Amino acid sequence: LIFSDSRQDAAHQARFITYAGRYDRMRRNLCRLLKARGPLTLKDAIQGLMVAGVEAQDNPHVQGKRKADYLPGGIRAAALAWEEAPLLDDLAISAGYRATVLNLGLVGVRYDRLEPYVRDCGQPLAARLGIRPGQLLHLARCVLDEMRVRAALSRPMLCYHPSHPGCPEEFQKA
């Protein structure tokens with residue numbers, strides 16, 4: 001329940017509630033997806049979120065009852081971008097915000113093949129740094145986490161500002 005004594009304040013509150021609802025929806029769907037399927041790559045998580053949005057008919061880029069597997073290319077790209085935007089925001093852009101999916105303790109991040117790579121190739125670096133390979137693994141995770149929190153991710157969506165003329169249409173709408 002929110003009280004507002006002016007129309008302008010009510011309009012601001014409504015916009016905030018809509019914004020927050022989109023993120024809550026993404027967090028619920030992501031938790032369901034991870035519980036059902038276990039650890040996922042970022043690409044698979046975004047795909048799973050898009051499928052959930054299509055099935056629940058709450059992705060605004062897909063009208064009516066449709067099957068995610070048969071969406072036309074443009075609609076599919078827009079639906080994927082709309083699901084990716086809040087997830088990337090939670091994982092990287094606003095990672096310091098207290099209510100992100102990570103900071104709420106709902107999910108964690110694993111770096112694909114980092115442990116075997118450090119085990120197979122990290123011994124010389126660990127020796128030069130005077131640490132054990134297990135400590136190098138921890139250090140690598142910390143550095144990668146810091147890069148992620150500072151939005152140093154290699155994702156096409158993070159390469160554009162939405163108002164730039166070269167920004168793809170599906171990213172602008174996301």
# chains A, B, ... in the order shown; residues from 1 in each chain; ligands from 1
call {"tool": "residues_around", "arguments": {"residues": "Glu83 (chain A)", "least_positions_apart": "4", "cutoff": "12 Å", "atoms": "only C-alpha atoms", "output": "compact mmCIF listing (two decimals) with C-alpha atoms, in the first residue's frame"}}
result
# COMPACT_ATOMS: atom_id res chain seq x y z
CA ARG A 22 10.10 -6.47 -13.63
CA TYR A 23 13.18 -7.22 -11.52
CA ARG A 25 9.73 -11.28 -11.86
CA MET A 26 13.21 -11.92 -13.28
CA ARG A 27 14.54 -13.01 -9.87
CA ASN A 29 11.93 -16.92 -12.75
CA LEU A 30 15.71 -17.25 -12.44
CA LEU A 42 24.55 -16.92 -18.82
CA LYS A 43 23.28 -17.69 -22.33
CA ASP A 44 21.16 -20.62 -21.08
CA ALA A 45 19.78 -18.52 -18.20
CA ILE A 46 18.69 -15.77 -20.59
CA GLN A 47 17.14 -18.35 -22.94
CA GLY A 48 15.33 -19.98 -20.01
CA LEU A 49 14.04 -16.61 -18.80
CA MET A 50 12.74 -15.86 -22.30
CA VAL A 51 10.95 -19.23 -22.48
CA ALA A 52 9.41 -18.61 -19.04
CA GLY A 53 8.28 -15.15 -20.14
CA VAL A 54 6.70 -16.50 -23.31
CA ASP A 58 4.39 -11.62 -19.55
CA ASN A 59 7.13 -10.72 -22.00
CA PRO A 60 5.81 -7.56 -23.72
CA HIS A 61 7.51 -8.39 -27.03
CA VAL A 62 5.53 -11.60 -27.51
CA ARG A 76 12.89 -13.59 -30.50
CA ALA A 77 15.77 -11.07 -30.37
CA ALA A 78 13.57 -8.45 -28.69
CA ALA A 79 12.21 -10.98 -26.18
CA LEU A 87 19.72 -9.89 -15.39
CA LEU A 88 22.83 -8.06 -16.62
CA ASP A 89 21.86 -5.10 -14.48
CA ASP A 90 21.67 -7.32 -11.38
CA MET A 157 24.05 -5.30 -24.80
CA GLU A 170 15.91 -4.70 -29.51
CA PHE A 171 18.46 -3.28 -27.04
CA LYS A 173 13.40 -1.49 -26.23
CA ALA A 174 14.90 -3.66 -23.48
call {"tool": "select_by_dssp", "arguments": {"residues": "region 46-143 of chain A", "states": "helix (DSSP H, G or I)", "output": "PyMOL selection string"}}
result
chain A and resi 46-56+68-70+73-93+114-121+123-129+133-143
call {"tool": "closest_residue", "arguments": {"among": "A:Cys167, A:Ala14, A:Val109, A:Leu158", "to": "Leu144 (chain A)", "atoms": "only C-alpha atoms"}}
result
A:Val109
call {"tool": "atom_distance", "arguments": {"atom1": "CA of Glu115 (chain A)", "atom2": "CA of Arg141 (chain A)"}}
result
9.5 Å
call {"tool": "closest_residue", "arguments": {"among": "A:Ala92, A:Leu34, A:Leu137, A:Arg110", "to": "Gln123 (chain A)", "atoms": "only C-alpha atoms"}}
result
A:Leu137
call {"tool": "residues_around", "arguments": {"residues": "Arg28 (chain A)", "least_positions_apart": "4", "cutoff": "10 Å", "atoms": "only C-alpha atoms", "output": "list in words"}}
result
Tyr23, Asp24, Arg32, Leu33, Leu49, Val101 and Leu106 of chain A
call {"tool": "write_last_selection", "arguments": {"atoms": "N, CA and C atoms", "output": "short mmCIF file (atom, residue, chain, number, x, y, z; two decimals), in the first residue's frame"}}
result
data_model
loop_
_atom_site.label_atom_id
_atom_site.label_comp_id
_atom_site.auth_asym_id
_atom_site.auth_seq_id
_atom_site.Cartn_x
_atom_site.Cartn_y
_atom_site.Cartn_z
N TYR A 23 12.01 -6.59 -12.12
CA TYR A 23 13.18 -7.22 -11.52
C TYR A 23 12.77 -8.37 -10.59
N ASP A 24 11.69 -8.18 -9.83
CA ASP A 24 11.21 -9.26 -8.97
C ASP A 24 10.79 -10.47 -9.81
N ARG A 32 13.52 -20.20 -10.03
CA ARG A 32 12.79 -21.40 -10.47
C ARG A 32 13.60 -22.19 -11.49
N LEU A 33 14.18 -21.46 -12.41
CA LEU A 33 14.96 -22.08 -13.48
C LEU A 33 16.19 -22.80 -12.92
N LEU A 49 14.90 -17.72 -19.22
CA LEU A 49 14.04 -16.61 -18.80
C LEU A 49 13.09 -16.21 -19.92
N VAL A 101 20.00 -9.97 -7.33
CA VAL A 101 19.81 -11.41 -7.20
C VAL A 101 21.01 -12.06 -6.48
N LEU A 106 20.32 -15.25 -3.59
CA LEU A 106 19.46 -16.17 -4.33
C LEU A 106 20.25 -17.02 -5.32
#
call {"tool": "atom_distance", "arguments": {"atom1": "CA of His138 (chain A)", "atom2": "CA of Tyr111 (chain A)"}}
result
11.5 Å
call {"tool": "closest_residue", "arguments": {"among": "A:Leu136, A:Leu114, A:Leu40, A:Gln63", "to": "Ile75 (chain A)", "atoms": "only C-alpha atoms"}}
result
A:Gln63
